[in-house]
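Chemist: Sharing work_33.cif (mmCIF, C-alpha atoms) below.
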data_structure
loop_
_atom_site.label_atom_id
_atom_site.label_comp_id
_atom_site.auth_asym_id
_atom_site.auth_seq_id
_atom_site.Cartn_x
_atom_site.Cartn_y
_atom_site.Cartn_z
CA MET A 1 -24.77 8.83 14.71
CA ALA A 2 -21.70 8.41 12.49
CA ARG A 3 -22.06 8.64 8.73
CA VAL A 4 -18.48 7.37 8.37
CA VAL A 5 -17.08 4.57 10.55
CA CYS A 6 -13.31 4.03 10.55
CA VAL A 7 -11.62 0.76 11.54
CA HIS A 8 -7.91 0.86 12.42
CA GLY A 9 -5.27 -1.77 11.72
CA ILE A 10 -2.67 -3.66 13.72
CA ALA A 11 -0.28 -2.20 16.30
CA GLN A 12 -2.73 0.34 17.76
CA GLN A 13 -3.17 -1.37 21.13
CA VAL A 14 -1.72 1.54 23.12
CA ARG A 15 -3.94 4.14 21.48
CA GLY A 16 -7.70 4.75 21.53
CA GLU A 17 -10.71 6.07 19.62
CA GLN A 18 -10.04 9.76 20.09
CA SER A 19 -6.28 9.74 19.53
CA LEU A 20 -6.69 7.75 16.30
CA LEU A 21 -9.48 9.98 15.08
CA ARG A 22 -7.28 13.04 15.61
CA ASP A 23 -4.93 11.57 12.99
CA TRP A 24 -7.48 10.04 10.65
CA TRP A 25 -10.01 12.84 10.27
CA PRO A 26 -7.68 15.61 8.97
CA ALA A 27 -6.14 13.15 6.49
CA MET A 28 -9.61 12.07 5.37
CA ALA A 29 -10.65 15.70 4.98
CA ASP A 30 -7.57 16.31 2.82
CA GLY A 31 -8.41 13.36 0.58
CA MET A 32 -11.99 14.55 0.14
CA THR A 33 -10.73 18.05 -0.64
CA ARG A 34 -8.39 16.61 -3.29
CA ALA A 35 -11.46 14.88 -4.74
CA GLY A 36 -13.21 18.23 -5.01
CA SER A 37 -15.80 17.72 -2.30
CA GLU A 38 -16.64 19.21 1.06
CA PRO A 39 -14.98 17.23 3.88
CA VAL A 40 -17.29 15.29 6.15
CA PRO A 41 -17.59 17.05 9.55
CA VAL A 42 -15.56 15.42 12.30
CA GLY A 43 -18.76 14.94 14.30
CA ASP A 44 -20.02 12.60 11.58
CA VAL A 45 -17.00 10.30 11.85
CA ALA A 46 -16.45 7.55 14.45
CA MET A 47 -13.55 5.19 15.11
CA ALA A 48 -14.37 1.56 15.87
CA PHE A 49 -11.57 0.74 18.29
CA TYR A 50 -10.58 -2.84 19.11
CA GLY A 51 -6.85 -2.41 19.80
CA ASP A 52 -7.25 -2.79 23.55
CA LEU A 53 -8.36 -6.40 23.01
CA PHE A 54 -4.72 -7.14 22.17
CA ARG A 55 -3.06 -5.00 24.85
CA PRO A 56 -1.35 -7.05 27.56
CA ALA A 57 -2.75 -6.47 31.02
CA GLY A 58 -0.66 -3.92 32.88
CA THR A 59 1.13 -4.56 36.16
CA LEU A 60 3.13 -2.35 38.48
CA LEU A 61 6.37 -3.87 37.21
CA ALA A 62 5.90 -4.07 33.41
CA VAL A 63 5.08 -1.54 30.74
CA GLY A 64 4.43 -1.95 27.03
CA ASP A 65 4.44 -4.96 24.77
CA PRO A 66 5.94 -8.30 25.84
CA LEU A 67 9.67 -8.56 25.18
CA TYR A 68 9.30 -10.88 22.21
CA SER A 69 12.23 -12.16 20.17
CA ALA A 70 12.65 -14.40 17.12
CA LYS A 71 12.25 -17.51 19.26
CA ASP A 72 8.70 -16.45 20.07
CA VAL A 73 7.54 -16.73 16.44
CA GLU A 74 5.28 -19.79 16.51
CA PRO A 75 5.01 -22.42 13.75
CA GLY A 76 1.92 -22.09 11.60
CA ILE A 77 0.30 -18.73 10.84
CA GLU A 78 3.00 -16.62 12.48
CA GLN A 79 5.89 -18.34 10.74
CA ASP A 80 4.09 -18.42 7.40
CA LEU A 81 3.06 -14.76 7.59
CA LEU A 82 6.63 -13.77 8.44
CA LEU A 83 7.84 -15.67 5.37
CA THR A 84 5.18 -13.94 3.24
CA TRP A 85 6.26 -10.50 4.47
CA TRP A 86 9.91 -11.40 3.84
CA ARG A 87 9.23 -12.52 0.26
CA GLU A 88 7.19 -9.44 -0.57
CA ALA A 89 9.69 -7.06 1.05
CA ALA A 90 12.47 -8.65 -1.01
CA ALA A 91 10.37 -8.23 -4.16
CA VAL A 92 9.88 -4.49 -3.68
CA ASP A 93 13.10 -3.48 -1.89
CA GLU A 94 16.54 -4.30 -3.26
CA ALA A 95 18.08 -3.87 0.20
CA VAL A 96 16.30 -7.03 1.36
CA ALA A 97 17.74 -10.42 0.45
CA GLY A 98 14.91 -12.88 -0.09
CA PRO A 99 14.54 -16.37 1.37
CA GLY A 100 16.18 -19.10 -0.67
CA ALA A 101 13.34 -21.59 -0.44
CA ASP A 102 10.14 -22.34 1.44
CA THR A 103 12.00 -24.73 3.71
CA LEU A 104 14.28 -21.95 4.93
CA MET A 105 11.66 -20.94 7.47
CA ARG A 106 11.63 -24.42 8.95
CA ILE A 107 15.25 -24.51 10.10
CA PRO A 108 16.66 -23.16 13.38
CA GLY A 109 17.45 -19.46 13.24
CA SER A 110 15.31 -18.84 10.16
CA ALA A 111 12.88 -16.52 11.97
CA GLN A 112 15.87 -14.48 13.13
CA ALA A 113 17.15 -14.33 9.53
CA ALA A 114 13.74 -13.13 8.33
CA LEU A 115 13.49 -10.46 11.02
CA ARG A 116 17.06 -9.33 10.34
CA GLN A 117 16.30 -8.88 6.63
CA LEU A 118 12.98 -7.13 7.31
CA SER A 119 14.77 -4.67 9.57
CA ARG A 120 16.72 -3.56 6.48
CA SER A 121 13.59 -2.81 4.47
CA LYS A 122 12.14 0.66 4.01
CA PHE A 123 8.71 -0.72 4.81
CA PHE A 124 9.62 -1.88 8.31
CA ALA A 125 12.10 0.93 9.02
CA GLY A 126 11.90 1.99 12.64
CA VAL A 127 9.84 -1.03 13.75
CA ALA A 128 11.43 -2.75 16.72
CA LEU A 129 11.86 -6.52 16.51
CA ARG A 130 9.58 -7.16 19.48
CA ALA A 131 6.90 -4.94 17.93
CA LEU A 132 7.13 -6.84 14.63
CA VAL A 133 6.68 -10.17 16.40
CA PHE A 134 3.80 -8.68 18.40
CA ASP A 135 2.13 -7.68 15.11
CA LEU A 136 2.47 -11.25 13.82
CA LYS A 137 0.84 -12.52 16.98
CA GLN A 138 -1.97 -9.98 16.73
CA VAL A 139 -2.95 -11.33 13.31
CA SER A 140 -2.72 -14.97 14.42
CA ARG A 141 -4.68 -14.29 17.61
CA TYR A 142 -7.47 -12.58 15.72
CA LEU A 143 -7.78 -15.52 13.32
CA GLN A 144 -7.43 -18.26 15.94
CA GLU A 145 -9.05 -16.94 19.11
CA THR A 146 -12.81 -17.05 18.59
CA ASP A 147 -13.85 -14.85 21.51
CA ARG A 148 -11.36 -12.12 20.63
CA ARG A 149 -12.42 -12.24 16.99
CA ARG A 150 -16.10 -11.87 17.89
CA ALA A 151 -15.35 -9.05 20.32
CA ALA A 152 -13.42 -7.09 17.66
CA ARG A 153 -16.24 -7.49 15.14
CA ALA A 154 -18.76 -6.43 17.75
CA ARG A 155 -16.87 -3.14 18.22
CA VAL A 156 -17.37 -2.41 14.52
CA ALA A 157 -21.01 -3.49 14.48
CA ALA A 158 -21.76 -1.27 17.49
CA ARG A 159 -20.53 1.80 15.60
CA ILE A 160 -22.68 1.15 12.54
CA THR A 161 -26.05 2.88 12.91
CA PRO A 162 -28.92 3.54 10.47
CA ASP A 163 -27.08 6.77 9.52
CA THR A 164 -23.82 5.06 8.56
CA ARG A 165 -23.05 5.20 4.85
CA VAL A 166 -19.29 4.56 4.62
CA VAL A 167 -16.88 2.19 6.36
CA VAL A 168 -13.17 2.95 5.93
CA ALA A 169 -10.90 0.15 7.14
CA HIS A 170 -7.11 -0.16 7.23
CA SER A 171 -4.86 -3.22 7.36
CA LEU A 172 -6.15 -5.94 9.74
CA GLY A 173 -9.11 -3.63 10.34
CA SER A 174 -10.28 -4.41 6.80
CA VAL A 175 -10.61 -8.07 7.81
CA VAL A 176 -12.53 -7.12 10.96
CA ALA A 177 -14.80 -4.72 9.03
CA TYR A 178 -15.40 -7.20 6.19
CA GLU A 179 -16.45 -9.95 8.59
CA ALA A 180 -18.62 -7.56 10.61
CA LEU A 181 -20.46 -6.38 7.49
CA CYS A 182 -20.95 -9.94 6.25
CA ALA A 183 -22.63 -10.73 9.57
CA MET A 184 -25.01 -7.74 9.14
CA PRO A 185 -26.92 -8.53 5.93
CA ASP A 186 -29.30 -5.57 6.33
CA HIS A 187 -26.67 -2.94 7.12
CA PRO A 188 -27.11 0.57 5.64
CA VAL A 189 -23.51 0.98 4.40
CA ARG A 190 -23.24 2.13 0.79
CA ALA A 191 -19.46 2.14 0.46
CA LEU A 192 -16.66 0.01 1.89
CA VAL A 193 -13.18 1.49 1.46
CA THR A 194 -10.30 -0.83 2.32
CA LEU A 195 -6.75 0.52 2.65
CA GLY A 196 -3.61 -1.64 2.63
CA SER A 197 -5.77 -4.72 3.06
CA PRO A 198 -4.45 -8.27 3.62
CA LEU A 199 -7.86 -9.79 2.76
CA GLY A 200 -6.58 -11.44 -0.40
CA ILE A 201 -3.57 -13.27 1.07
CA SER A 202 -4.08 -16.90 0.10
CA ASN A 203 -3.66 -19.70 2.68
CA LEU A 204 -3.16 -17.24 5.55
CA ILE A 205 -6.11 -14.83 5.53
CA PHE A 206 -8.50 -15.44 2.63
CA GLU A 207 -9.36 -19.08 3.32
CA ARG A 208 -9.79 -18.34 7.04
CA LEU A 209 -12.41 -15.63 6.57
CA GLU A 210 -15.85 -15.87 8.13
CA PRO A 211 -17.96 -16.69 6.23
CA PRO A 212 -15.53 -18.94 4.36
CA PRO A 213 -15.09 -18.48 0.60
CA GLN A 214 -17.15 -20.68 -1.67
CA GLN A 215 -15.53 -22.14 -4.78
CA GLY A 216 -12.62 -19.75 -4.44
CA LEU A 217 -14.75 -16.61 -4.14
CA GLY A 218 -15.31 -14.59 -0.99
CA SER A 219 -18.78 -13.46 0.07
CA TRP A 220 -19.92 -9.98 -0.91
CA PRO A 221 -20.08 -7.86 2.29
CA GLY A 222 -23.49 -6.35 1.74
CA PRO A 223 -26.19 -5.75 -0.87
CA ASP A 224 -25.28 -5.80 -4.55
CA ALA A 225 -25.46 -1.99 -4.59
CA LEU A 226 -22.58 -1.69 -2.10
CA VAL A 227 -19.53 -0.06 -3.71
CA TRP A 228 -16.28 -1.62 -2.47
CA THR A 229 -13.10 0.30 -3.27
CA ASN A 230 -9.78 -1.31 -2.39
CA VAL A 231 -6.74 0.99 -2.29
CA ALA A 232 -3.18 -0.36 -2.19
CA ASP A 233 0.34 1.01 -2.57
CA ARG A 234 2.61 -1.11 -4.78
CA GLY A 235 5.19 -1.21 -2.00
CA ASP A 236 2.73 -2.20 0.73
CA VAL A 237 3.95 -5.56 2.02
CA VAL A 238 0.78 -6.15 4.06
CA ALA A 239 -1.47 -5.72 1.01
CA LEU A 240 0.16 -8.68 -0.73
CA GLN A 241 -2.78 -9.26 -3.13
CA LYS A 242 -3.26 -5.78 -4.58
CA ASP A 243 -6.23 -6.65 -6.83
CA LEU A 244 -9.09 -8.08 -4.76
CA ARG A 245 -11.18 -8.87 -7.83
CA VAL A 246 -9.32 -12.17 -7.94
CA ARG A 247 -10.78 -13.10 -4.54
CA PHE A 248 -14.11 -11.28 -4.35
CA GLY A 249 -15.28 -10.71 -7.92
CA ASP A 250 -15.24 -8.01 -10.54
CA GLN A 251 -17.47 -5.72 -8.46
CA VAL A 252 -14.48 -4.64 -6.38
CA ARG A 253 -12.99 -1.34 -7.56
CA ASN A 254 -9.21 -1.40 -7.16
CA ALA A 255 -6.82 1.52 -7.05
CA ILE A 256 -3.02 1.54 -6.93
CA VAL A 257 -1.59 4.63 -5.22
CA HIS A 258 1.79 6.03 -4.24
CA ASN A 259 2.33 6.71 -0.53
CA GLY A 260 6.01 7.48 -0.76
CA ALA A 261 8.16 6.12 2.05
CA HIS A 262 5.08 5.35 4.14
CA ALA A 263 3.55 2.63 2.00
CA HIS A 264 1.24 1.19 4.68
CA ASP A 265 0.47 4.34 6.65
CA ALA A 266 -3.27 4.92 7.12
CA THR A 267 -3.05 8.70 6.86
CA ALA A 268 -1.08 8.49 3.61
CA TYR A 269 -3.86 6.37 2.16
CA LEU A 270 -6.53 8.77 3.44
CA THR A 271 -5.02 11.87 1.83
CA GLU A 272 -5.15 10.21 -1.61
CA LYS A 273 -7.67 11.72 -4.03
CA LEU A 274 -9.03 8.29 -5.01
CA THR A 275 -9.75 7.47 -1.37
CA GLY A 276 -11.49 10.80 -0.89
CA SER A 277 -13.57 10.18 -4.01
CA ALA A 278 -14.67 6.75 -2.75
CA ILE A 279 -15.76 8.21 0.60
CA THR A 280 -17.55 11.09 -1.08
CA GLY A 281 -19.39 8.71 -3.39
CA GLY A 282 -20.67 6.65 -0.49
CA LEU A 283 -21.96 9.74 1.28
CA GLY A 284 -23.91 10.74 -1.81
CA ASP A 285 -22.34 14.18 -1.90
CA ARG A 286 -21.63 14.14 -5.62
#
Using structure tokens, write down the structure that the file contains.

Modeler:
Amino acid sequence: MARVVCVHGIAQQVRGEQSLLRDWWPAMADGMTRAGSEPVPVGDVAMAFYGDLFRPAGTLLAVGDPLYSAKDVEPGIEQDLLLTWWREAAAVDEAVAGPGADTLMRIPGSAQAALRQLSRSKFFAGVALRALVFDLKQVSRYLQETDRRRAARARVAARITPDTRVVVAHSLGSVVAYEALCAMPDHPVRALVTLGSPLGISNLIFERLEPPPQQGLGSWPGPDALVWTNVADRGDVVALQKDLRVRFGDQVRNAIVHNGAHAHDATAYLTEKLTGSAITGGLGDR
């Protein structure tokens, strides 16, 4: 019966619950220690894993992700999200030349130009082109494929028990966790902690949420007493909207942190004192 449920982000399709938890729990324990509290025992922490829903079926002749290239970036969400990442990377990294205009993404070769520039950024350092395109497709598939979306949310809901007090969600996992909690109005969660979240990205993520926003404001994912802490690094390209109060109201507590060269890394977020404090507060240990 997990008191803390973790929800991973994109690009974890070749991992699993236990391998992710081996990385997340020590980092979480460090963050809680920095916050001056006793770390939650590993037995009280569970990982809601949905990555396998995006893993291509294996065959005897193929291994790993599909061999995507720039030509596989589809018009619509994928193209628009790539442009958004490109703009934000250019804003925070002088090594990246930004797009000249919105229409640049609509001309032949523009996806290749975007991917070439992103490969120069510190944020995407070491990410292979095919993996970057795969990540774009993972986001678009979650938002557009109803059955896959429901299945991912069900993985989170299944991990939440009457003992669960805190949900910690990273990257795309924050979208999955948010929607799962919204669909569970009587859930027992006291604290939602989102890390490097894309929830506030207008036109791509925010307006596509379930339930949909009303009059420009997203639904609150639980009772009024729920404490939602959103943590973002200034250089995190995925967390384009750093302050979620704009989208979900003044109840959201926002924190800006410094993860060094690993702006979007889940473990870097977890070792932060402010993250540890948010988890501790939800557990009622202070």

Chemist: Between A:Asn254, A:Thr84, A:Thr229, A:Gln144, which residue has the minimum interatomic distance to Gly282 in chain A, considering all atoms listed in the file?

Modeler: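 Result for the nearest residue to Gly282 in chain A: A:Thr229.
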
Chemist: Please write as a PDB file with C-alpha atoms, keeping the file's coordinate frame the full residue list that the PyMOL selection byres ((chain A and resi 85-88) around 8) yields on this file.

Modeler:
ATOM      1  CA  LEU A  81       3.060 -14.760   7.590  1.00  0.00           C
ATOM      2  CA  LEU A  82       6.630 -13.770   8.440  1.00  0.00           C
ATOM      3  CA  LEU A  83       7.840 -15.670   5.370  1.00  0.00           C
ATOM      4  CA  THR A  84       5.180 -13.940   3.240  1.00  0.00           C
ATOM      5  CA  ALA A  89       9.690  -7.060   1.050  1.00  0.00           C
ATOM      6  CA  ALA A  90      12.470  -8.650  -1.010  1.00  0.00           C
ATOM      7  CA  ALA A  91      10.370  -8.230  -4.160  1.00  0.00           C
ATOM      8  CA  VAL A  92       9.880  -4.490  -3.680  1.00  0.00           C
ATOM      9  CA  GLY A  98      14.910 -12.880  -0.090  1.00  0.00           C
ATOM     10  CA  PRO A  99      14.540 -16.370   1.370  1.00  0.00           C
ATOM     11  CA  ALA A 114      13.740 -13.130   8.330  1.00  0.00           C
ATOM     12  CA  GLN A 117      16.300  -8.880   6.630  1.00  0.00           C
ATOM     13  CA  LEU A 118      12.980  -7.130   7.310  1.00  0.00           C
ATOM     14  CA  VAL A 237       3.950  -5.560   2.020  1.00  0.00           C
ATOM     15  CA  VAL A 238       0.780  -6.150   4.060  1.00  0.00           C
ATOM     16  CA  LEU A 240       0.160  -8.680  -0.730  1.00  0.00           C
TER      17      LEU A 240
END

Chemist: I'd like the contact shell of Thr271 in chain A - 6 Å cut-off, only C-alpha atoms, skipping same-chain residues fewer than 2 positions apart - returned as a list in words.

Modeler: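 Near neighbours after the sequence-gap exclusion: Ala27, Met28, Asp30, Gly31, Ala268 and Tyr269 of chain A.
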
Chemist: Written as a VMD selection string, which residues does the PyMOL selection byres ((chain A and resi 34) around 8) give for the file shown?

Modeler: chain A and resid 30 to 33 35 to 37 271 to 273 276

Chemist: Pick from A:Ile77, A:Ile205, A:Leu195, A:Val168: nearest to Asp236 in chain A, with all atoms listed in the file counted?

Modeler: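 Closest to Asp236 in chain A of all the choices is A:Leu195.
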
Chemist: Write out as JSON, numbers by chain which residues come within 8 Å of Ala46 in chain A when counting all atoms listed in the file, dropping same-chain ones fewer than 6 positions away.

Modeler: {"A": [2, 4, 5, 6, 17, 21, 159]}

Chemist: With C-alpha atoms retained, could you export that selection as an mmCIF file, in the frame of the given file?

Modeler:
data_model
loop_
_atom_site.group_PDB
_atom_site.id
_atom_site.type_symbol
_atom_site.label_atom_id
_atom_site.label_comp_id
_atom_site.auth_asym_id
_atom_site.auth_seq_id
_atom_site.Cartn_x
_atom_site.Cartn_y
_atom_site.Cartn_z
ATOM 1 C CA ALA A 2 -21.700 8.410 12.490
ATOM 2 C CA VAL A 4 -18.480 7.370 8.370
ATOM 3 C CA VAL A 5 -17.080 4.570 10.550
ATOM 4 C CA CYS A 6 -13.310 4.030 10.550
ATOM 5 C CA GLU A 17 -10.710 6.070 19.620
ATOM 6 C CA LEU A 21 -9.480 9.980 15.080
ATOM 7 C CA ARG A 159 -20.530 1.800 15.600
#

Chemist: Enclose all atoms of range 260-277 of chain A listed in the file in an axis-aligned box, grow every side by 6 Å, and hand back centre and edge lengths in Å to one decimal, as JSON.

Modeler:
{"center_x": -2.7, "center_y": 6.5, "center_z": 1.1, "size_x": 33.7, "size_y": 22.7, "size_z": 24.1}

Chemist: Can you work out which one of A:Glu38, A:Asp243, A:Asp250, A:Asp224 has the shortest atom-to-atom distance to Ile201 in chain A, counting only C-alpha atoms?

Modeler: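 Checking each of A:Glu38, A:Asp243, A:Asp250, A:Asp224 against Ile201 in chain A, counting only C-alpha atoms, the winner is A:Asp243.
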
Chemist: Would you translate the PyMOL selection byres ((chain A and resi 48-54) around 10) into the concrete set of residues it matches in this file, as JSON, numbers by chain?

Modeler: {"A": [5, 6, 7, 8, 9, 10, 11, 12, 13, 14, 15, 16, 17, 18, 20, 21, 45, 46, 47, 55, 56, 57, 65, 134, 135, 137, 138, 139, 141, 142, 148, 149, 151, 152, 153, 154, 155, 156, 157, 158, 159, 160, 167, 169, 173, 176, 177]}

Chemist: To one decimal place in Å, what is the distance between CA of Asp80 in chain A and CA of Ala183 in chain A?

Modeler: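 Result for CA of Asp80 in chain A versus CA of Ala183 in chain A: 27.9 Å, one decimal.
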
Chemist: Excluding same-chain residues fewer than 2 positions from Val175 in chain A, what lies within 8 Å of it counting only C-alpha atoms, as a list in words?

Modeler: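 In the requested format, the answer is Ser171, Leu172, Gly173, Ala177, Tyr178, Glu179, Ser197, Pro198, Leu199 and Leu209 of chain A.
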
Chemist: Here is a test: counting all atoms listed in the file, which residue of A:Ala70, A:His170, A:Thr267, A:Thr164 is nearest to Asn230 in chain A?

Modeler: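 Once distances to Asn230 in chain A are computed over all atoms listed in the file, the minimum belongs to A:His170.
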
Chemist: Choose the residue, out of A:Gln215, A:Gly281, A:Ala225, A:Asp23, that has the smallest atom-to-atom separation from Asp265 in chain A; count all atoms listed in the file.

Modeler: A:Asp23
